[in-house]
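Next up, input09.pdb (PDB, C-alpha atoms):
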```pdb
ATOM      1  CA  MET W  88     -20.184  -6.417  -8.310
ATOM      2  CA  GLY W  89     -18.838  -2.889  -7.923
ATOM      3  CA  THR W  90     -15.279  -1.815  -8.470
ATOM      4  CA  ILE W  91     -12.862  -0.502  -5.850
ATOM      5  CA  GLN W  92     -12.919   3.288  -5.906
ATOM      6  CA  PRO W  93      -9.522   4.990  -5.690
ATOM      7  CA  LYS W  94      -8.948   7.590  -2.988
ATOM      8  CA  VAL W  95      -9.350  11.184  -4.092
ATOM      9  CA  SER W  96      -5.986  12.892  -4.324
ATOM     10  CA  GLU W  97      -5.066  16.372  -3.120
ATOM     11  CA  PRO W  98      -5.060  19.277  -5.557
ATOM     12  CA  VAL W  99      -1.726  19.197  -7.341
ATOM     13  CA  SER W 100      -1.229  22.907  -8.023
ATOM     14  CA  GLU W 101      -1.399  23.887  -4.346
ATOM     15  CA  GLU W 102       1.142  21.195  -3.601
ATOM     16  CA  LEU W 103       3.469  22.380  -6.352
ATOM     17  CA  ALA W 104       3.312  25.886  -4.878
ATOM     18  CA  LEU W 105       4.442  24.469  -1.513
ATOM     19  CA  VAL W 106       7.273  22.568  -3.208
ATOM     20  CA  GLN W 107       8.371  25.714  -5.053
ATOM     21  CA  ALA W 108       8.322  27.732  -1.826
ATOM     22  CA  ALA W 109      10.302  25.024  -0.005
ATOM     23  CA  LYS W 110      12.848  24.965  -2.837
ATOM     24  CA  GLY W 111      13.192  28.709  -2.373
ATOM     25  CA  GLY W 112      14.156  28.195   1.289
ATOM     26  CA  ASP W 113      10.741  28.421   2.973
ATOM     27  CA  VAL W 114      11.079  25.753   5.678
ATOM     28  CA  GLY W 115       7.488  26.416   6.799
ATOM     29  CA  ALA W 116       6.242  25.350   3.360
ATOM     30  CA  PHE W 117       8.203  22.127   3.691
ATOM     31  CA  GLU W 118       6.647  21.569   7.103
ATOM     32  CA  GLU W 119       3.220  21.721   5.430
ATOM     33  CA  LEU W 120       4.333  18.908   3.117
ATOM     34  CA  VAL W 121       5.537  16.912   6.120
ATOM     35  CA  LYS W 122       2.154  17.391   7.821
ATOM     36  CA  ARG W 123       0.379  16.324   4.676
ATOM     37  CA  TYR W 124       2.245  13.068   4.178
ATOM     38  CA  ASP W 125       3.898  11.958   7.435
ATOM     39  CA  ARG W 126       1.083   9.532   8.270
ATOM     40  CA  ASN W 127       1.298   7.915   4.834
ATOM     41  CA  VAL W 128       5.083   7.608   4.947
ATOM     42  CA  PHE W 129       4.921   6.084   8.435
ATOM     43  CA  ARG W 130       2.311   3.527   7.356
ATOM     44  CA  ILE W 131       4.262   2.536   4.246
ATOM     45  CA  ALA W 132       7.512   2.316   6.220
ATOM     46  CA  GLN W 133       5.999   0.163   8.936
ATOM     47  CA  HIS W 134       4.345  -2.130   6.411
ATOM     48  CA  ILE W 135       7.660  -2.703   4.636
ATOM     49  CA  THR W 136      10.007  -2.901   7.628
ATOM     50  CA  GLN W 137       7.506  -4.490  10.053
ATOM     51  CA  ASN W 138       9.413  -2.693  12.776
ATOM     52  CA  ARG W 139       8.299   0.418  14.647
ATOM     53  CA  GLU W 140      11.767   1.796  15.358
ATOM     54  CA  ASP W 141      12.832   1.379  11.727
ATOM     55  CA  ALA W 142       9.616   3.032  10.556
ATOM     56  CA  GLU W 143      10.338   6.075  12.738
ATOM     57  CA  ASP W 144      13.833   6.341  11.278
ATOM     58  CA  VAL W 145      12.482   5.977   7.750
ATOM     59  CA  VAL W 146      10.049   8.870   8.267
ATOM     60  CA  GLN W 147      12.848  11.159   9.459
ATOM     61  CA  ASP W 148      15.388  10.108   6.854
ATOM     62  CA  ALA W 149      12.944  10.141   3.952
ATOM     63  CA  PHE W 150      11.773  13.690   4.675
ATOM     64  CA  LEU W 151      15.292  14.927   5.284
ATOM     65  CA  LYS W 152      16.458  13.345   2.037
ATOM     66  CA  ALA W 153      13.505  14.881   0.204
ATOM     67  CA  TYR W 154      14.338  18.302   1.659
ATOM     68  CA  THR W 155      18.017  18.008   0.757
ATOM     69  CA  ASN W 156      17.231  16.895  -2.796
ATOM     70  CA  LEU W 157      14.255  19.152  -3.532
ATOM     71  CA  GLY W 158      16.332  20.764  -6.274
ATOM     72  CA  GLN W 159      16.256  17.472  -8.155
ATOM     73  CA  PHE W 160      12.469  17.200  -8.047
ATOM     74  CA  GLN W 161      11.453  18.186 -11.550
ATOM     75  CA  GLY W 162       7.696  18.000 -11.133
ATOM     76  CA  GLN W 163       7.241  15.297 -13.775
ATOM     77  CA  SER W 164       5.604  13.098 -11.163
ATOM     78  CA  LYS W 165       3.603  14.195  -8.145
ATOM     79  CA  PHE W 166       5.632  15.227  -5.104
ATOM     80  CA  TYR W 167       3.972  12.433  -3.131
ATOM     81  CA  THR W 168       5.035   9.756  -5.643
ATOM     82  CA  TRP W 169       8.585  11.110  -5.528
ATOM     83  CA  LEU W 170       8.531  11.087  -1.720
ATOM     84  CA  VAL W 171       7.159   7.537  -1.662
ATOM     85  CA  ARG W 172      10.013   6.375  -3.890
ATOM     86  CA  ILE W 173      12.534   7.824  -1.402
ATOM     87  CA  ALA W 174      10.675   6.305   1.573
ATOM     88  CA  VAL W 175      10.402   2.842  -0.019
ATOM     89  CA  ASN W 176      14.144   2.820  -0.738
ATOM     90  CA  GLU W 177      14.953   3.830   2.829
ATOM     91  CA  ALA W 178      12.594   1.179   4.197
ATOM     92  CA  LEU W 179      14.026  -1.590   2.014
ATOM     93  CA  MET W 180      17.545  -0.606   3.039
ATOM     94  CA  ARG W 181      16.613  -1.032   6.687
ATOM     95  CA  LEU W 182      14.867  -4.318   6.022
ATOM     96  CA  ARG W 183      17.997  -5.632   4.280
ATOM     97  CA  ARG W 184      20.123  -4.525   7.225
ATOM     98  CA  ARG W 185      17.894  -6.371   9.647
ATOM     99  CA  ARG W 186      17.596  -9.500   7.532
ATOM    100  CA  PRO W 187      20.947  -9.789   5.757
ATOM    101  CA  GLU W 188      20.430 -13.510   5.299
ATOM    102  CA  ARG W 189      17.538 -12.873   2.924
ATOM    103  CA  MET W 190      17.762 -11.062  -0.355
ATOM    104  CA  VAL W 191      15.251  -8.247  -0.191
ATOM    105  CA  SER W 192      14.525  -6.787  -3.576
ATOM    106  CA  LEU W 193      11.580  -5.223  -5.300
ATOM    107  CA  ASP W 194      12.568  -7.130  -8.413
ATOM    108  CA  GLU W 195      12.017 -10.469  -6.797
ATOM    109  CA  ASP W 196       9.072 -12.091  -8.472
ATOM    110  CA  VAL W 197       8.582 -14.785  -5.917
ATOM    111  CA  LYS W 198       7.168 -17.991  -7.310
ATOM    112  CA  THR W 199       5.511 -19.995  -4.622
ATOM    113  CA  GLU W 200       3.676 -23.104  -5.582
ATOM    114  CA  ASP W 201       0.288 -22.258  -7.038
ATOM    115  CA  ASP W 202       0.096 -19.094  -5.005
ATOM    116  CA  SER W 203      -2.480 -17.681  -7.378
ATOM    117  CA  VAL W 204      -4.816 -20.642  -7.419
ATOM    118  CA  PRO W 205      -7.562 -20.111  -4.870
ATOM    119  CA  ARG W 206      -8.073 -23.097  -2.634
ATOM    120  CA  GLU W 207     -10.374 -21.554  -0.088
ATOM    121  CA  VAL W 208     -13.698 -20.819  -1.761
ATOM    122  CA  ALA W 209     -16.011 -20.666   1.232
ATOM    123  CA  ASP W 210     -18.093 -17.502   1.431
ATOM    124  CA  TRP W 211     -17.299 -15.081   4.238
ATOM    125  CA  ALA W 212     -19.585 -14.239   7.123
ATOM    126  CA  PRO W 213     -21.526 -10.990   6.684
ATOM    127  CA  ASN W 214     -19.473  -8.113   8.180
ATOM    128  CA  PRO W 215     -16.518 -10.420   8.895
ATOM    129  CA  GLU W 216     -14.555  -7.682  10.645
ATOM    130  CA  GLN W 217     -17.215  -7.645  13.358
ATOM    131  CA  LEU W 218     -16.401 -11.241  14.323
ATOM    132  CA  TYR W 219     -13.365  -9.910  16.186
ATOM    133  CA  THR W 220     -12.516  -7.076  18.536
ATOM    134  CA  GLN W 221     -10.589  -4.148  17.062
ATOM    135  CA  GLY W 222      -7.388  -5.443  18.684
ATOM    136  CA  GLU W 223      -7.854  -8.987  17.404
ATOM    137  CA  LEU W 224      -8.643  -7.712  13.921
ATOM    138  CA  GLN W 225      -5.491  -5.574  13.821
ATOM    139  CA  ASP W 226      -3.476  -8.561  14.955
ATOM    140  CA  ILE W 227      -4.955 -10.772  12.217
ATOM    141  CA  LEU W 228      -4.376  -8.144   9.526
ATOM    142  CA  THR W 229      -0.796  -7.518  10.678
ATOM    143  CA  ARG W 230       0.161 -11.180  10.831
ATOM    144  CA  THR W 231      -1.460 -11.881   7.483
ATOM    145  CA  ILE W 232       0.300  -9.121   5.564
ATOM    146  CA  GLN W 233       3.623  -9.916   7.286
ATOM    147  CA  GLY W 234       3.530 -13.303   5.593
ATOM    148  CA  LEU W 235       3.746 -11.761   2.112
ATOM    149  CA  PRO W 236       7.133 -11.346   0.416
ATOM    150  CA  PRO W 237       8.292  -7.686   0.714
ATOM    151  CA  SER W 238       7.839  -7.033  -3.011
ATOM    152  CA  PHE W 239       4.182  -8.100  -2.907
ATOM    153  CA  ARG W 240       3.540  -6.323   0.387
ATOM    154  CA  THR W 241       4.926  -3.060  -0.951
ATOM    155  CA  VAL W 242       2.835  -3.116  -4.129
ATOM    156  CA  PHE W 243      -0.333  -3.986  -2.180
ATOM    157  CA  VAL W 244       0.224  -1.205   0.344
ATOM    158  CA  LEU W 245       0.885   1.462  -2.270
ATOM    159  CA  ARG W 246      -1.994   0.468  -4.551
ATOM    160  CA  ASP W 247      -4.691  -0.716  -2.185
ATOM    161  CA  VAL W 248      -3.975   0.950   1.154
ATOM    162  CA  GLU W 249      -2.496   4.264   0.011
ATOM    163  CA  GLY W 250      -4.546   4.463  -3.168
ATOM    164  CA  LEU W 251      -1.740   5.202  -5.660
ATOM    165  CA  SER W 252      -2.614   4.389  -9.283
ATOM    166  CA  THR W 253      -0.905   1.501 -11.074
ATOM    167  CA  GLU W 254       1.202   4.036 -13.014
ATOM    168  CA  GLU W 255       2.213   5.927  -9.855
ATOM    169  CA  THR W 256       3.100   2.655  -8.112
ATOM    170  CA  ALA W 257       5.200   1.573 -11.092
ATOM    171  CA  ASP W 258       6.890   4.985 -11.081
ATOM    172  CA  ALA W 259       7.546   4.955  -7.322
ATOM    173  CA  LEU W 260       8.951   1.423  -7.355
ATOM    174  CA  ASN W 261      10.723   1.611 -10.701
ATOM    175  CA  LEU W 262       8.799  -1.422 -11.918
ATOM    176  CA  SER W 263       6.967  -1.981 -15.202
ATOM    177  CA  ILE W 264       3.177  -1.741 -15.218
ATOM    178  CA  PRO W 265       2.760  -5.490 -15.967
ATOM    179  CA  ALA W 266       5.093  -6.269 -13.025
ATOM    180  CA  VAL W 267       2.961  -4.115 -10.695
ATOM    181  CA  LYS W 268      -0.236  -5.767 -11.922
ATOM    182  CA  SER W 269       1.143  -9.282 -11.552
ATOM    183  CA  ARG W 270       2.398  -8.651  -7.995
ATOM    184  CA  LEU W 271      -0.822  -6.928  -7.041
ATOM    185  CA  LEU W 272      -2.976  -9.817  -8.227
ATOM    186  CA  ARG W 273      -0.901 -12.343  -6.324
ATOM    187  CA  ALA W 274      -0.724 -10.197  -3.199
ATOM    188  CA  ARG W 275      -4.510  -9.727  -3.194
ATOM    189  CA  LEU W 276      -5.156 -13.440  -3.755
ATOM    190  CA  GLN W 277      -2.710 -14.561  -1.096
ATOM    191  CA  LEU W 278      -4.148 -12.152   1.482
ATOM    192  CA  ARG W 279      -7.673 -13.253   0.584
ATOM    193  CA  GLU W 280      -6.704 -16.894   0.961
ATOM    194  CA  ARG W 281      -5.205 -16.335   4.405
ATOM    195  CA  LEU W 282      -7.979 -14.064   5.668
ATOM    196  CA  SER W 283     -10.566 -16.670   4.630
ATOM    197  CA  ARG W 284      -9.388 -18.834   7.511
ATOM    198  CA  TYR W 285     -10.618 -16.173   9.921
ATOM    199  CA  PHE W 286     -13.599 -14.757   8.097
ATOM    200  CA  LYS W 287     -15.367 -17.663   6.455
ATOM    201  CA  LYS W 288     -18.868 -18.636   7.465
ATOM    202  CA  ARG W 289     -18.940 -21.270  10.126
ATOM    203  CA  ASN W 290     -21.631 -23.862  10.614
ATOM    204  CA  GLY W 291     -23.768 -22.970  13.595
ATOM    205  CA  GLY W 292     -21.700 -19.821  14.138
ATOM    206  CA  ASP W 293     -22.149 -16.380  12.683
ATOM    207  CA  GLY W 294     -22.929 -17.621   9.215
ATOM    208  CA  ASN W 295     -26.295 -18.393   7.790
ATOM    209  CA  GLN W 296     -25.556 -21.914   6.678
TER
ATOM    210  CA  MET G  28     -14.307 -18.210 -20.235
ATOM    211  CA  LYS G  29     -12.339 -20.522 -17.921
ATOM    212  CA  CYS G  30     -11.768 -19.831 -14.220
ATOM    213  CA  SER G  31      -8.038 -19.290 -14.847
ATOM    214  CA  GLU G  32      -8.849 -16.629 -17.450
ATOM    215  CA  PHE G  33     -11.236 -14.986 -15.021
ATOM    216  CA  LEU G  34      -8.481 -14.827 -12.372
ATOM    217  CA  GLN G  35      -6.068 -13.210 -14.799
ATOM    218  CA  GLU G  36      -8.542 -10.365 -15.310
ATOM    219  CA  LEU G  37      -9.608 -10.084 -11.666
ATOM    220  CA  THR G  38      -7.375  -7.142 -10.782
ATOM    221  CA  ASN G  39      -8.399  -5.167 -13.871
ATOM    222  CA  TYR G  40     -12.043  -5.971 -13.160
ATOM    223  CA  LEU G  41     -11.898  -4.837  -9.527
ATOM    224  CA  ASP G  42     -10.010  -1.697 -10.521
ATOM    225  CA  GLY G  43     -12.564  -0.948 -13.221
ATOM    226  CA  VAL G  44      -9.938  -0.742 -15.970
ATOM    227  CA  ILE G  45     -11.439  -3.123 -18.461
ATOM    228  CA  ASP G  46     -13.210  -2.850 -21.817
ATOM    229  CA  ALA G  47     -16.960  -3.376 -22.003
ATOM    230  CA  ARG G  48     -16.734  -6.666 -23.882
ATOM    231  CA  THR G  49     -14.330  -8.329 -21.411
ATOM    232  CA  LYS G  50     -16.395  -6.963 -18.520
ATOM    233  CA  SER G  51     -19.529  -8.576 -19.877
ATOM    234  CA  GLU G  52     -17.688 -11.900 -20.408
ATOM    235  CA  LEU G  53     -16.450 -11.777 -16.810
ATOM    236  CA  GLU G  54     -19.914 -11.030 -15.494
ATOM    237  CA  ASP G  55     -21.375 -13.905 -17.533
ATOM    238  CA  HIS G  56     -18.798 -16.168 -15.900
ATOM    239  CA  LEU G  57     -19.607 -14.791 -12.428
ATOM    240  CA  ALA G  58     -23.303 -15.485 -12.958
ATOM    241  CA  TRP G  59     -22.800 -19.245 -13.106
ATOM    242  CA  CYS G  60     -19.434 -19.916 -11.416
ATOM    243  CA  HIS G  61     -20.002 -19.712  -7.676
ATOM    244  CA  ASN G  62     -16.327 -20.281  -6.817
ATOM    245  CA  CYS G  63     -15.156 -17.329  -8.901
ATOM    246  CA  TYR G  64     -17.990 -15.226  -7.498
ATOM    247  CA  VAL G  65     -16.767 -15.965  -3.964
ATOM    248  CA  VAL G  66     -13.118 -15.335  -4.878
ATOM    249  CA  CYS G  67     -14.042 -12.018  -6.501
ATOM    250  CA  ASP G  68     -16.288 -10.926  -3.634
ATOM    251  CA  THR G  69     -13.847 -11.887  -0.868
ATOM    252  CA  THR G  70     -10.894 -10.317  -2.708
ATOM    253  CA  LYS G  71     -12.855  -7.080  -2.848
ATOM    254  CA  LYS G  72     -13.596  -7.398   0.883
ATOM    255  CA  THR G  73      -9.904  -8.109   1.578
ATOM    256  CA  ILE G  74      -8.942  -4.832  -0.075
ATOM    257  CA  GLU G  75     -11.680  -2.898   1.738
ATOM    258  CA  ILE G  76     -10.774  -4.348   5.141
ATOM    259  CA  TYR G  77      -7.121  -3.337   4.732
ATOM    260  CA  ARG G  78      -8.036   0.066   3.368
ATOM    261  CA  ASP G  79     -10.443   0.792   6.212
ATOM    262  CA  SER G  80      -8.232  -0.657   8.953
ATOM    263  CA  LYS G  81      -6.421   1.701  11.261
ATOM    264  CA  LEU G  82      -3.287  -0.358  10.893
ATOM    265  CA  TYR G  83      -0.115   1.585  11.698
ATOM    266  CA  GLU G  84      -1.775   4.883  12.480
ATOM    267  CA  LEU G  85       0.806   7.424  13.572
ATOM    268  CA  PRO G  86       0.013   8.374  17.201
ATOM    269  CA  ASP G  87      -0.203  12.146  17.806
ATOM    270  CA  ASP G  88       2.640  12.289  20.365
ATOM    271  CA  LEU G  89       5.041  10.370  18.120
ATOM    272  CA  ARG G  90       3.901  12.442  15.163
ATOM    273  CA  GLY G  91       4.806  15.625  17.010
ATOM    274  CA  ARG G  92       8.217  14.299  18.033
ATOM    275  CA  LEU G  93       9.049  13.113  14.531
ATOM    276  CA  ARG G  94       8.013  16.399  12.981
ATOM    277  CA  SER G  95      10.142  18.423  15.434
ATOM    278  CA  ALA G  96      13.128  16.198  14.701
ATOM    279  CA  ILE G  97      12.637  16.506  10.932
ATOM    280  CA  MET G  98      12.187  20.281  11.006
ATOM    281  CA  SER G  99      15.177  20.842  13.274
ATOM    282  CA  LYS G 100      17.374  18.832  10.885
ATOM    283  CA  CYS G 101      15.990  20.803   7.928
ATOM    284  CA  GLN G 102      16.738  24.098   9.704
ATOM    285  CA  LYS G 103      20.315  22.947  10.359
ATOM    286  CA  LYS G 104      20.671  21.889   6.733
ATOM    287  CA  LYS G 105      19.391  25.278   5.599
ATOM    288  CA  ALA G 106      21.748  27.133   7.933
ATOM    289  CA  GLY G 107      24.636  25.001   6.653
ATOM    290  CA  THR G 108      23.991  25.850   3.027
ATOM    291  CA  GLU G 109      23.407  29.578   3.446
ATOM    292  CA  PRO G 110      26.373  31.923   3.145
ATOM    293  CA  ALA G 111      27.511  33.254   6.532
TER
END
```

structure tokens encoding of this file:
Amino acid sequence: MGTIQPKVSEPVSEELALVQAAKGGDVGAFEELVKRYDRNVFRIAQHITQNREDAEDVVQDAFLKAYTNLGQFQGQSKFYTWLVRIAVNEALMRLRRRRPERMVSLDEDVKTEDDSVPREVADWAPNPEQLYTQGELQDILTRTIQGLPPSFRTVFVLRDVEGLSTEETADALNLSIPAVKSRLLRARLQLRERLSRYFKKRNGGDGNQ
Amino acid sequence: MKCSEFLQELTNYLDGVIDARTKSELEDHLAWCHNCYVVCDTTKKTIEIYRDSKLYELPDDLRGRLRSAIMSKCQKKKAGTEPA
């Protein structure tokens, strides 16, 4: 069984040149950075906040904050990882505002009963995503990921959707590497469990049983 | 290897960050344990489905509006910090 291949990242030196130019007052260079990462920041923000309006605000505030604090970016991490850290903080702040009754923290290591023990072990139909229309599939994926605690959702999105490495995710979220790995495993298993309800082979249906 | 031990290594296995000996132990387990094979295979598919989904794509018109708003705020910020 093959492994999951990480996404190929952009050349770092070209990016650092843009950051340097932006630090020196070149707003056009900063706009290039916005163009490069606005889609990613929007996706991350919407995954965390689960709210379109909040996600729009997060994109604006995160980039403005990055621009204002460019002087503090030391280049020890990639610009993107630094930007993601700002965006995640903004998104969590908005989520807390909207759900003050619930503690929203990246530190929460939610223990649900046996959440890591697979119960659903039926094989999936071949090409399960083709069992549904594009709209239905998006709805299933959205509802499924919404059910994860924010700390799991965030780790899953950064690692598996955005393709950050474990180290970059730990850096962006200020978590230890074992904490990232533990949340990622549980997030993946919980999503798998829930998606199985939609994608498993059915007798007499699309499966071959 | 027990199923619980297999699960503990699942993330490292899927990410390909695992030593050769553990990898071969995991693959031995996968060869006879159908349940773990299914869990491993469907976890991999879960990741691929989310990665390939167009969930929360930024529409072009909104993208344009957001970028204008961001750049206009940056310009104002720049003007505010420059000496008159």

Show me the residues close to (2.9, 4.0, -3.1) - anything with an atom within 8 Å, counting all atoms listed in the file - and format the list as a PyMOL selection string. chain W and resi 131+168+171-172+241-242+244-246+249-251+255-256+259-260

Might you pull out every residue within 6 Å of segment 234-240 of chain W, with only C-alpha atoms counted and same-chain residues fewer than 2 positions away left off, and present them as a PyMOL selection string? chain W and resi 193+231-232+242-243+270+274

Counting all atoms listed in the file, which residues of chain G come no farther than 7 Å from chain W, as a PyMOL selection string? chain G and resi 38+41-43+62+65-66+69-70+73-74+77-78+82-85+93+97-98+101

12 Å contact set for segment 30-33 of chain G, all atoms listed in the file, chain neighbours under 2 positions out, as JSON, numbers by chain: {"W": [201, 203, 204, 205, 272], "G": [28, 35, 36, 37, 38, 39, 40, 41, 49, 50, 51, 52, 53, 54, 55, 56, 57, 59, 60, 61, 62, 63, 64, 66, 67]}

Atomic distance atom CA of Lys29 of chain G - atom CA of Arg48 of chain G, expressed in Å with one decimal: 15.7 Å

Please compute the atom CA of Leu218 of chain W-atom CA of Ser80 of chain G distance, one decimal, in Å.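 Interatomic distance, atom CA of Leu218 of chain W to atom CA of Ser80 of chain G: 14.4 Å.
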
Work out how far apart atom CA of Tyr167 of chain W and atom CA of Lys103 of chain G are and give it in Å to one decimal.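 About the pair atom CA of Tyr167 of chain W and atom CA of Lys103 of chain G: they are 23.7 Å apart.
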
Nearest to Ser164 of chain W: which of W:Glu101, W:Glu254, W:Glu223, W:Glu140 is it, counting only C-alpha atoms? W:Glu254

Env of Ser100 of chain W: 12 Å cut, atoms = all atoms listed in the file, seq-sep filter 4 positions within chain, self excluded. Answer as a PyMOL selection string. chain W and resi 96+104-107+162+165-166
